[in-house]
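Visitor: My structure is stored as final_33.cif, with mmCIF, C-alpha atoms and all ligand atoms.
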```
data_input
loop_
_atom_site.label_atom_id
_atom_site.label_comp_id
_atom_site.auth_asym_id
_atom_site.auth_seq_id
_atom_site.Cartn_x
_atom_site.Cartn_y
_atom_site.Cartn_z
CA MET J 1 11.47 18.25 1.50
CA ALA J 2 12.30 15.87 -1.35
CA PRO J 3 9.67 13.25 -2.22
CA ILE J 4 10.22 9.73 -0.90
CA LEU J 5 8.82 8.21 -4.07
CA GLU J 6 8.65 9.75 -7.54
CA ILE J 7 6.95 8.05 -10.45
CA LYS J 8 7.75 9.83 -13.68
CA ASP J 9 5.79 9.07 -16.83
CA ILE J 10 5.85 5.29 -16.49
CA TRP J 11 4.55 2.93 -19.14
CA VAL J 12 3.90 -0.73 -18.30
CA ARG J 13 2.68 -3.48 -20.60
CA TYR J 14 1.53 -7.08 -20.51
CA SER J 15 2.46 -9.04 -23.64
CA GLY J 16 2.85 -5.89 -25.69
CA LEU J 17 -0.35 -4.21 -24.53
CA PRO J 18 0.38 -0.96 -22.66
CA VAL J 19 -1.93 -0.94 -19.64
CA ILE J 20 -0.17 1.93 -17.87
CA GLN J 21 0.30 4.88 -20.18
CA GLY J 22 2.42 7.68 -18.85
CA VAL J 23 1.49 7.79 -15.17
CA SER J 24 3.29 10.28 -12.90
CA PHE J 25 2.89 11.04 -9.22
CA GLU J 26 4.90 11.58 -6.09
CA VAL J 27 4.66 10.75 -2.41
CA ASN J 28 6.19 13.10 0.13
CA PRO J 29 7.35 12.14 3.65
CA GLY J 30 4.44 11.57 6.02
CA GLU J 31 1.84 11.88 3.28
CA THR J 32 -0.98 9.47 2.52
CA VAL J 33 -1.41 9.42 -1.24
CA CYS J 34 -4.13 7.38 -2.91
CA VAL J 35 -4.58 6.10 -6.42
CA VAL J 36 -8.24 5.37 -6.98
CA GLY J 37 -10.01 3.92 -9.97
CA ALA J 38 -12.30 1.17 -11.17
CA ASN J 39 -11.45 -2.50 -11.35
CA GLY J 40 -8.97 -3.04 -14.20
CA ALA J 41 -7.81 0.60 -14.33
CA GLY J 42 -4.22 -0.44 -13.63
CA LYS J 43 -3.77 0.23 -9.91
CA SER J 44 -2.08 -3.06 -9.03
CA THR J 45 0.09 -2.85 -12.13
CA ILE J 46 1.51 0.47 -10.94
CA LEU J 47 2.47 -1.12 -7.60
CA ARG J 48 3.96 -4.14 -9.37
CA ALA J 49 6.04 -1.81 -11.51
CA ILE J 50 7.35 -0.04 -8.41
CA MET J 51 8.34 -3.42 -6.89
CA GLY J 52 10.09 -4.42 -10.11
CA ALA J 53 7.73 -7.35 -10.60
CA GLN J 54 6.29 -5.95 -13.86
CA PRO J 55 8.96 -3.46 -14.90
CA ALA J 56 8.10 -0.18 -16.60
CA TYR J 57 9.49 -0.08 -20.14
CA LYS J 58 9.48 3.72 -20.17
CA GLY J 59 9.71 6.35 -17.47
CA ARG J 60 11.49 6.50 -14.15
CA ILE J 61 10.90 5.34 -10.59
CA LEU J 62 12.92 7.13 -7.91
CA LEU J 63 13.19 6.35 -4.21
CA GLU J 64 14.61 9.36 -2.36
CA GLY J 65 15.98 10.56 -5.69
CA LYS J 66 17.65 7.27 -6.56
CA ASN J 67 16.54 5.23 -9.55
CA ILE J 68 15.52 1.76 -8.33
CA GLN J 69 14.41 0.30 -11.64
CA THR J 70 17.33 -2.06 -12.06
CA PHE J 71 17.00 -3.42 -8.51
CA SER J 72 15.62 -6.84 -7.63
CA THR J 73 12.42 -6.90 -5.60
CA GLU J 74 14.36 -7.97 -2.51
CA LYS J 75 16.73 -5.05 -2.89
CA ILE J 76 13.77 -2.71 -3.29
CA VAL J 77 12.39 -4.02 0.01
CA ARG J 78 15.80 -3.48 1.63
CA GLN J 79 15.81 0.08 0.31
CA GLY J 80 12.61 0.74 2.25
CA ILE J 81 9.53 -0.01 0.16
CA THR J 82 6.97 -2.44 1.50
CA TYR J 83 4.13 -3.80 -0.61
CA VAL J 84 1.06 -5.42 0.93
CA PRO J 85 -0.55 -7.21 -2.02
CA GLU J 86 -4.23 -7.60 -2.76
CA GLU J 87 -4.06 -11.29 -1.91
CA LYS J 88 -2.85 -10.93 1.65
CA MET J 89 -0.76 -14.09 1.43
CA LEU J 90 -0.73 -14.96 5.11
CA PHE J 91 0.47 -18.33 6.25
CA GLY J 92 -2.80 -19.76 7.55
CA PRO J 93 -1.49 -22.56 9.78
CA MET J 94 0.99 -20.19 11.48
CA THR J 95 0.30 -17.82 14.35
CA VAL J 96 -0.16 -14.08 14.11
CA GLU J 97 3.28 -13.52 15.60
CA GLU J 98 4.98 -16.00 13.27
CA ASN J 99 3.36 -14.24 10.32
CA LEU J 100 4.53 -10.85 11.60
CA LEU J 101 8.10 -12.09 12.07
CA ILE J 102 8.22 -13.22 8.44
CA GLY J 103 7.94 -9.54 7.52
CA ALA J 104 11.24 -8.92 9.30
CA TYR J 105 13.15 -11.37 7.11
CA ILE J 106 15.57 -8.67 5.96
CA ILE J 107 16.53 -7.88 9.56
CA ASP J 108 19.24 -10.02 11.18
CA ASP J 109 19.27 -8.37 14.58
CA ASP J 110 16.87 -10.13 16.98
CA ALA J 111 16.61 -7.13 19.30
CA ARG J 112 15.45 -4.98 16.39
CA LYS J 113 12.92 -7.60 15.36
CA ARG J 114 11.56 -7.51 18.90
CA GLU J 115 11.39 -3.70 18.80
CA ASN J 116 9.48 -3.80 15.54
CA LEU J 117 7.12 -6.38 16.94
CA ASP J 118 6.47 -4.11 19.93
CA TYR J 119 5.88 -1.21 17.55
CA VAL J 120 3.26 -3.21 15.63
CA TYR J 121 1.60 -4.48 18.83
CA ASN J 122 1.52 -0.97 20.17
CA LEU J 123 -0.16 0.26 17.01
CA PHE J 124 -2.56 -2.69 16.86
CA PRO J 125 -3.20 -3.99 20.39
CA LYS J 126 -5.70 -6.45 18.91
CA LEU J 127 -2.84 -8.33 17.29
CA LYS J 128 -1.02 -8.60 20.58
CA GLU J 129 -4.10 -10.15 22.18
CA ARG J 130 -4.19 -12.67 19.36
CA ARG J 131 -0.49 -13.25 18.95
CA ILE J 132 -0.69 -17.04 19.33
CA GLN J 133 -3.89 -17.45 17.31
CA LEU J 134 -3.57 -19.15 13.92
CA ALA J 135 -3.93 -16.72 11.02
CA ASN J 136 -6.58 -18.81 9.27
CA THR J 137 -8.91 -18.47 12.26
CA LEU J 138 -8.95 -14.65 12.14
CA SER J 139 -11.69 -12.54 10.57
CA GLY J 140 -11.01 -10.90 7.19
CA GLY J 141 -10.40 -7.53 8.84
CA GLU J 142 -7.98 -9.02 11.36
CA GLN J 143 -6.12 -10.84 8.61
CA GLN J 144 -5.73 -7.55 6.79
CA MET J 145 -4.34 -6.04 9.98
CA VAL J 146 -1.77 -8.86 10.18
CA ALA J 147 -0.81 -8.29 6.53
CA ILE J 148 -0.29 -4.58 7.18
CA GLY J 149 1.55 -5.29 10.45
CA ARG J 150 3.81 -7.72 8.65
CA GLY J 151 4.58 -5.00 6.12
CA LEU J 152 5.66 -2.70 8.95
CA MET J 153 8.12 -5.26 10.35
CA SER J 154 10.85 -4.29 7.86
CA ASN J 155 10.91 -0.60 8.93
CA PRO J 156 9.68 0.71 5.58
CA LYS J 157 10.14 4.29 4.44
CA ILE J 158 6.94 3.87 2.49
CA LEU J 159 4.12 1.38 2.84
CA MET J 160 2.15 0.49 -0.28
CA LEU J 161 -1.27 -1.05 0.28
CA ASP J 162 -3.17 -2.70 -2.55
CA GLU J 163 -6.92 -2.55 -1.90
CA PRO J 164 -6.86 -3.40 1.80
CA SER J 165 -10.66 -3.23 1.89
CA LEU J 166 -11.24 -5.62 -1.02
CA GLY J 167 -13.75 -8.36 -0.30
CA LEU J 168 -14.57 -7.10 3.19
CA ALA J 169 -18.05 -6.40 4.53
CA PRO J 170 -18.80 -2.64 4.89
CA VAL J 171 -18.26 -2.64 8.65
CA LEU J 172 -14.84 -4.25 8.16
CA VAL J 173 -13.97 -1.77 5.41
CA ASP J 174 -14.31 0.98 8.01
CA GLU J 175 -12.17 -0.99 10.44
CA VAL J 176 -9.39 -1.50 7.90
CA LEU J 177 -9.41 2.12 6.76
CA ASP J 178 -9.30 3.08 10.41
CA THR J 179 -6.15 0.99 10.67
CA VAL J 180 -4.69 3.01 7.82
CA ARG J 181 -5.73 6.21 9.58
CA ARG J 182 -3.83 5.08 12.67
CA LEU J 183 -0.71 4.51 10.56
CA LYS J 184 -1.08 7.95 9.09
CA GLU J 185 -1.28 9.42 12.59
CA ALA J 186 1.92 7.51 13.40
CA LYS J 187 3.50 9.53 10.53
CA MET J 188 3.94 6.59 8.19
CA THR J 189 4.27 7.49 4.51
CA ILE J 190 1.56 5.59 2.65
CA LEU J 191 0.64 4.87 -0.94
CA LEU J 192 -2.88 3.46 -0.96
CA VAL J 193 -4.57 1.96 -3.98
CA GLU J 194 -8.35 1.51 -3.73
CA GLN J 195 -11.69 1.15 -5.48
CA ASN J 196 -13.54 2.53 -2.47
CA VAL J 197 -13.23 6.10 -3.67
CA ARG J 198 -15.06 8.08 -1.03
CA GLU J 199 -13.67 6.37 2.08
CA THR J 200 -10.18 6.41 0.63
CA LEU J 201 -10.23 10.10 -0.27
CA GLU J 202 -11.51 10.83 3.23
CA ILE J 203 -8.34 9.47 4.81
CA SER J 204 -5.83 10.64 2.17
CA ASP J 205 -3.96 13.90 1.73
CA VAL J 206 -3.60 13.72 -2.04
CA GLY J 207 -5.46 11.66 -4.61
CA TYR J 208 -4.94 10.53 -8.18
CA VAL J 209 -7.82 9.14 -10.19
CA ILE J 210 -6.86 6.70 -12.91
CA GLN J 211 -8.87 5.40 -15.82
CA THR J 212 -7.54 2.80 -18.26
CA GLY J 213 -3.94 3.40 -17.28
CA LYS J 214 -3.93 7.21 -17.26
CA VAL J 215 -4.26 9.80 -14.51
CA VAL J 216 -7.44 11.72 -15.34
CA THR J 217 -7.70 13.88 -12.22
CA LYS J 218 -5.42 14.68 -9.31
CA GLY J 219 -5.44 17.03 -6.40
CA LYS J 220 -5.90 17.50 -2.71
CA ALA J 221 -8.11 14.67 -1.51
CA SER J 222 -10.50 17.11 0.17
CA ASP J 223 -10.90 19.03 -3.12
CA LEU J 224 -11.51 15.83 -5.07
CA LEU J 225 -14.26 14.87 -2.65
CA GLN J 226 -15.99 18.16 -3.51
CA SER J 227 -15.45 17.87 -7.25
CA GLU J 228 -18.63 17.44 -9.29
CA ASP J 229 -16.97 15.13 -11.82
CA ILE J 230 -15.75 12.79 -9.10
CA GLN J 231 -19.10 12.88 -7.35
CA LYS J 232 -20.86 11.93 -10.58
CA ALA J 233 -18.36 9.29 -11.66
CA PHE J 234 -17.63 7.57 -8.36
CA LEU J 235 -19.79 8.72 -5.52
CA GLY J 236 -23.22 8.18 -7.08
CA MET J 237 -24.28 11.79 -6.55
N1 LIG O 301 -0.76 -10.76 -15.75
C1 LIG O 301 -1.48 -10.08 -16.64
N2 LIG O 301 -1.45 -10.37 -17.96
C2 LIG O 301 -2.18 -9.66 -18.86
N3 LIG O 301 -2.97 -8.63 -18.52
C3 LIG O 301 -3.05 -8.29 -17.24
C4 LIG O 301 -2.32 -8.99 -16.22
N4 LIG O 301 -2.59 -8.43 -15.02
C5 LIG O 301 -3.45 -7.42 -15.28
N5 LIG O 301 -3.73 -7.34 -16.58
C6 LIG O 301 -4.62 -6.35 -17.23
O1 LIG O 301 -4.10 -5.06 -17.00
C7 LIG O 301 -5.14 -4.14 -16.71
C8 LIG O 301 -4.88 -3.50 -15.35
O2 LIG O 301 -4.98 -4.50 -14.34
P1 LIG O 301 -4.73 -4.20 -12.80
O3 LIG O 301 -3.49 -3.41 -12.66
O4 LIG O 301 -4.79 -5.49 -12.09
O5 LIG O 301 -5.98 -3.28 -12.45
P2 LIG O 301 -6.59 -2.87 -11.02
O6 LIG O 301 -5.61 -3.24 -9.98
O7 LIG O 301 -6.82 -1.40 -11.13
O8 LIG O 301 -7.88 -3.61 -10.91
C9 LIG O 301 -6.44 -4.93 -16.78
O9 LIG O 301 -6.99 -4.75 -18.06
C10 LIG O 301 -5.99 -6.36 -16.58
O10 LIG O 301 -6.85 -7.25 -17.26
MG MG O 302 -5.80 -4.53 -8.38
#
```
Could you express the structure from this file as structure tokens?
Ligand SMILES: Nc1ncnc2c1ncn2[C@@H]1O[C@H](COP(=O)(O)OP(=O)(O)O)[C@@H](O)[C@H]1O
Ligand SMILES: [Mg+2]

Guide:
Amino acid sequence: MAPILEIKDIWVRYSGLPVIQGVSFEVNPGETVCVVGANGAGKSTILRAIMGAQPAYKGRILLEGKNIQTFSTEKIVRQGITYVPEEKMLFGPMTVEENLLIGAYIIDDDARKRENLDYVYNLFPKLKERRIQLANTLSGGEQQMVAIGRGLMSNPKILMLDEPSLGLAPVLVDEVLDTVRRLKEAKMTILLVEQNVRETLEISDVGYVIQTGKVVTKGKASDLLQSEDIQKAFLGM
């Protein structure tokens, strides 16, 4: 099967400084792929490059074999890529359901919006229970669930999550990663970017480790978890 997303030797810079230096990876249908690395390694920049927000000046980005680099961010969303940013960007004074519906802005058909809402509620019954609760009264973990649910409302081919566990207490980290695990079981194709190396590798199929804008190690997530270098560098072993 052809990859859904292919990143080929991309270079990305901020004011002339190349912070991503020749990164390549691919995400196949139904796979959960993670990019892990320390704060400042360039994880968010890779996702911004894919969304066209911080374009790559070299290399190629292909969605189902088609180059999307000249597309606007909105067109990229319409083509099937959803990005849940680090800052969840919920609308605090609006309800859970209103926030979810915003994610379906590219869909005109009300019946399909309703179907997608049912899909999200089915996946996350907790959100259904809280559908009329204001977003700013939810816990951090619940807000993350809304942000992910909102991302699902546009029927993405691939869901990109930028550090969903960032800033959450350890017990909520588990809850959020469990949410990701549920998506994976629902056969969603996921690109997950995280600093929480162990937990993230545990739920991923394939992992890429980046350091200062370069992939330094890649492989099956289960192999990476066993690797001595990774254990020394990231797992405190
Ligand atoms: N808007 C920006 N302008 C200049 N430098 C930036 C900007 N955003 C990020 N950087 C720098 O690019 C590098 C990678 O950042 P980022 O992709 O946010 O890393 P990560 O998501 O892995 O923490 C860091 O050195 C960061 O300081
Ligand atoms: Mg980041």

Visitor: Please compute the CA of Val12 (chain J)-CA of Ile46 (chain J) distance, one decimal, in Å.

Guide: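 Going from CA of Val12 (chain J) over to CA of Ile46 (chain J) covers 7.8 Å.
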
Visitor: Step by step, measure atom-to-atom distances between ligand LIG 301 (chain O) and each residue using all atoms listed in the file, keep those at most 9 Å, then write them as a PyMOL selection string.

Guide: chain J and resi 13-15+17-20+36-48+54+86+162-163+193-195+210-213

Visitor: Pull the neighbourhood of (-12.7, 0.3, 7.5) for me: all residues within 12 Å in file coordinates, counting all atoms listed in the file, as JSON, numbers by chain.

Guide: {"J": [140, 141, 142, 144, 145, 163, 164, 165, 166, 167, 168, 169, 170, 171, 172, 173, 174, 175, 176, 177, 178, 179, 180, 181, 182, 196, 198, 199, 200, 202, 203]}

Visitor: Give me the residues within 10 Å of Gln231 (chain J) as a PyMOL selection string, counting all atoms listed in the file and dropping any in the same chain fewer than 6 places off.

Guide: chain J and resi 197-198+224-225+237

Visitor: Residues near region 29-34 of chain J, anyone? I mean within 7 Å using only C-alpha atoms, not counting same-chain ones fewer than 6 positions away, as a list in words.

Guide: Pro3, Ile4, Lys184, Lys187, Met188, Thr189, Ile190, Leu191, Leu192, Val193, Ser204, Asp205, Val206, Gly207 and Tyr208 of chain J

Visitor: Just C-alpha atoms for this one: save the residues we selected as an mmCIF file, keeping the file's coordinate frame.

Guide:
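Done, and the output landed in part.cif:
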```
data_model
loop_
_atom_site.group_PDB
_atom_site.id
_atom_site.type_symbol
_atom_site.label_atom_id
_atom_site.label_comp_id
_atom_site.auth_asym_id
_atom_site.auth_seq_id
_atom_site.Cartn_x
_atom_site.Cartn_y
_atom_site.Cartn_z
ATOM 1 C CA PRO J 3 9.670 13.250 -2.220
ATOM 2 C CA ILE J 4 10.220 9.730 -0.900
ATOM 3 C CA LYS J 184 -1.080 7.950 9.090
ATOM 4 C CA LYS J 187 3.500 9.530 10.530
ATOM 5 C CA MET J 188 3.940 6.590 8.190
ATOM 6 C CA THR J 189 4.270 7.490 4.510
ATOM 7 C CA ILE J 190 1.560 5.590 2.650
ATOM 8 C CA LEU J 191 0.640 4.870 -0.940
ATOM 9 C CA LEU J 192 -2.880 3.460 -0.960
ATOM 10 C CA VAL J 193 -4.570 1.960 -3.980
ATOM 11 C CA SER J 204 -5.830 10.640 2.170
ATOM 12 C CA ASP J 205 -3.960 13.900 1.730
ATOM 13 C CA VAL J 206 -3.600 13.720 -2.040
ATOM 14 C CA GLY J 207 -5.460 11.660 -4.610
ATOM 15 C CA TYR J 208 -4.940 10.530 -8.180
#
```

Visitor: So which one's closest to ligand MG 302 (chain O), J:Met153, J:Val84, J:Ile7, J:Ala233? Using all atoms listed in the file, please.

Guide: J:Val84

Visitor: Record the distance separating CA of Tyr57 (chain J) and CA of Lys214 (chain J), expressed in Å with one decimal.

Guide: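 So the answer is 15.5 Å.
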
Visitor: For region 34-45 of chain J, where the input has fewer atoms than it should, I would like all heavy atoms rebuilt and written as an mmCIF file, keeping the file's coordinate frame.

Guide:
```cif
data_model
loop_
_atom_site.group_PDB
_atom_site.id
_atom_site.type_symbol
_atom_site.label_atom_id
_atom_site.label_comp_id
_atom_site.auth_asym_id
_atom_site.auth_seq_id
_atom_site.Cartn_x
_atom_site.Cartn_y
_atom_site.Cartn_z
ATOM 1 N N CYS J 34 -3.351 8.508 -2.380
ATOM 2 C CA CYS J 34 -4.130 7.380 -2.910
ATOM 3 C C CYS J 34 -4.222 7.445 -4.420
ATOM 4 O O CYS J 34 -4.200 8.511 -5.023
ATOM 5 C CB CYS J 34 -5.518 7.314 -2.283
ATOM 6 S SG CYS J 34 -6.605 8.658 -2.721
ATOM 7 N N VAL J 35 -4.287 6.252 -4.995
ATOM 8 C CA VAL J 35 -4.580 6.100 -6.420
ATOM 9 C C VAL J 35 -5.891 5.348 -6.461
ATOM 10 O O VAL J 35 -5.962 4.207 -5.996
ATOM 11 C CB VAL J 35 -3.471 5.309 -7.139
ATOM 12 C CG1 VAL J 35 -3.866 5.042 -8.588
ATOM 13 C CG2 VAL J 35 -2.132 6.069 -7.074
ATOM 14 N N VAL J 36 -6.932 6.014 -6.941
ATOM 15 C CA VAL J 36 -8.240 5.370 -6.980
ATOM 16 C C VAL J 36 -8.695 5.192 -8.419
ATOM 17 O O VAL J 36 -8.300 5.943 -9.310
ATOM 18 C CB VAL J 36 -9.309 6.175 -6.176
ATOM 19 C CG1 VAL J 36 -9.029 6.135 -4.692
ATOM 20 C CG2 VAL J 36 -9.395 7.615 -6.662
ATOM 21 N N GLY J 37 -9.502 4.190 -8.635
ATOM 22 C CA GLY J 37 -10.010 3.920 -9.970
ATOM 23 C C GLY J 37 -10.729 2.591 -9.981
ATOM 24 O O GLY J 37 -10.598 1.798 -9.053
ATOM 25 N N ALA J 38 -11.471 2.360 -11.058
ATOM 26 C CA ALA J 38 -12.300 1.170 -11.170
ATOM 27 C C ALA J 38 -11.439 -0.091 -11.284
ATOM 28 O O ALA J 38 -10.230 -0.011 -11.539
ATOM 29 C CB ALA J 38 -13.212 1.295 -12.378
ATOM 30 N N ASN J 39 -12.083 -1.212 -11.136
ATOM 31 C CA ASN J 39 -11.450 -2.500 -11.350
ATOM 32 C C ASN J 39 -10.862 -2.544 -12.769
ATOM 33 O O ASN J 39 -11.524 -2.159 -13.719
ATOM 34 C CB ASN J 39 -12.545 -3.571 -11.188
ATOM 35 C CG ASN J 39 -11.971 -4.953 -11.120
ATOM 36 O OD1 ASN J 39 -10.776 -5.123 -10.864
ATOM 37 N ND2 ASN J 39 -12.794 -5.951 -11.350
ATOM 38 N N GLY J 40 -9.599 -2.933 -12.887
ATOM 39 C CA GLY J 40 -8.970 -3.040 -14.200
ATOM 40 C C GLY J 40 -8.315 -1.752 -14.687
ATOM 41 O O GLY J 40 -7.727 -1.719 -15.775
ATOM 42 N N ALA J 41 -8.384 -0.687 -13.903
ATOM 43 C CA ALA J 41 -7.810 0.600 -14.330
ATOM 44 C C ALA J 41 -6.286 0.574 -14.388
ATOM 45 O O ALA J 41 -5.664 1.367 -15.094
ATOM 46 C CB ALA J 41 -8.285 1.715 -13.402
ATOM 47 N N GLY J 42 -5.676 -0.334 -13.613
ATOM 48 C CA GLY J 42 -4.220 -0.440 -13.630
ATOM 49 C C GLY J 42 -3.547 -0.158 -12.295
ATOM 50 O O GLY J 42 -2.320 -0.029 -12.222
ATOM 51 N N LYS J 43 -4.318 -0.134 -11.227
ATOM 52 C CA LYS J 43 -3.770 0.230 -9.910
ATOM 53 C C LYS J 43 -2.706 -0.767 -9.452
ATOM 54 O O LYS J 43 -1.612 -0.378 -9.050
ATOM 55 C CB LYS J 43 -4.915 0.307 -8.876
ATOM 56 C CG LYS J 43 -6.011 1.292 -9.249
ATOM 57 C CD LYS J 43 -7.148 1.331 -8.230
ATOM 58 C CE LYS J 43 -7.888 0.038 -8.048
ATOM 59 N NZ LYS J 43 -8.632 -0.426 -9.245
ATOM 60 N N SER J 44 -3.048 -2.060 -9.495
ATOM 61 C CA SER J 44 -2.080 -3.060 -9.030
ATOM 62 C C SER J 44 -0.841 -3.073 -9.920
ATOM 63 O O SER J 44 0.278 -3.291 -9.438
ATOM 64 C CB SER J 44 -2.700 -4.459 -9.036
ATOM 65 O OG SER J 44 -3.780 -4.505 -8.140
ATOM 66 N N THR J 45 -1.051 -2.837 -11.201
ATOM 67 C CA THR J 45 0.090 -2.850 -12.130
ATOM 68 C C THR J 45 1.097 -1.753 -11.766
ATOM 69 O O THR J 45 2.311 -1.974 -11.850
ATOM 70 C CB THR J 45 -0.416 -2.676 -13.580
ATOM 71 O OG1 THR J 45 -1.353 -3.726 -13.848
ATOM 72 C CG2 THR J 45 0.721 -2.733 -14.574
#
```
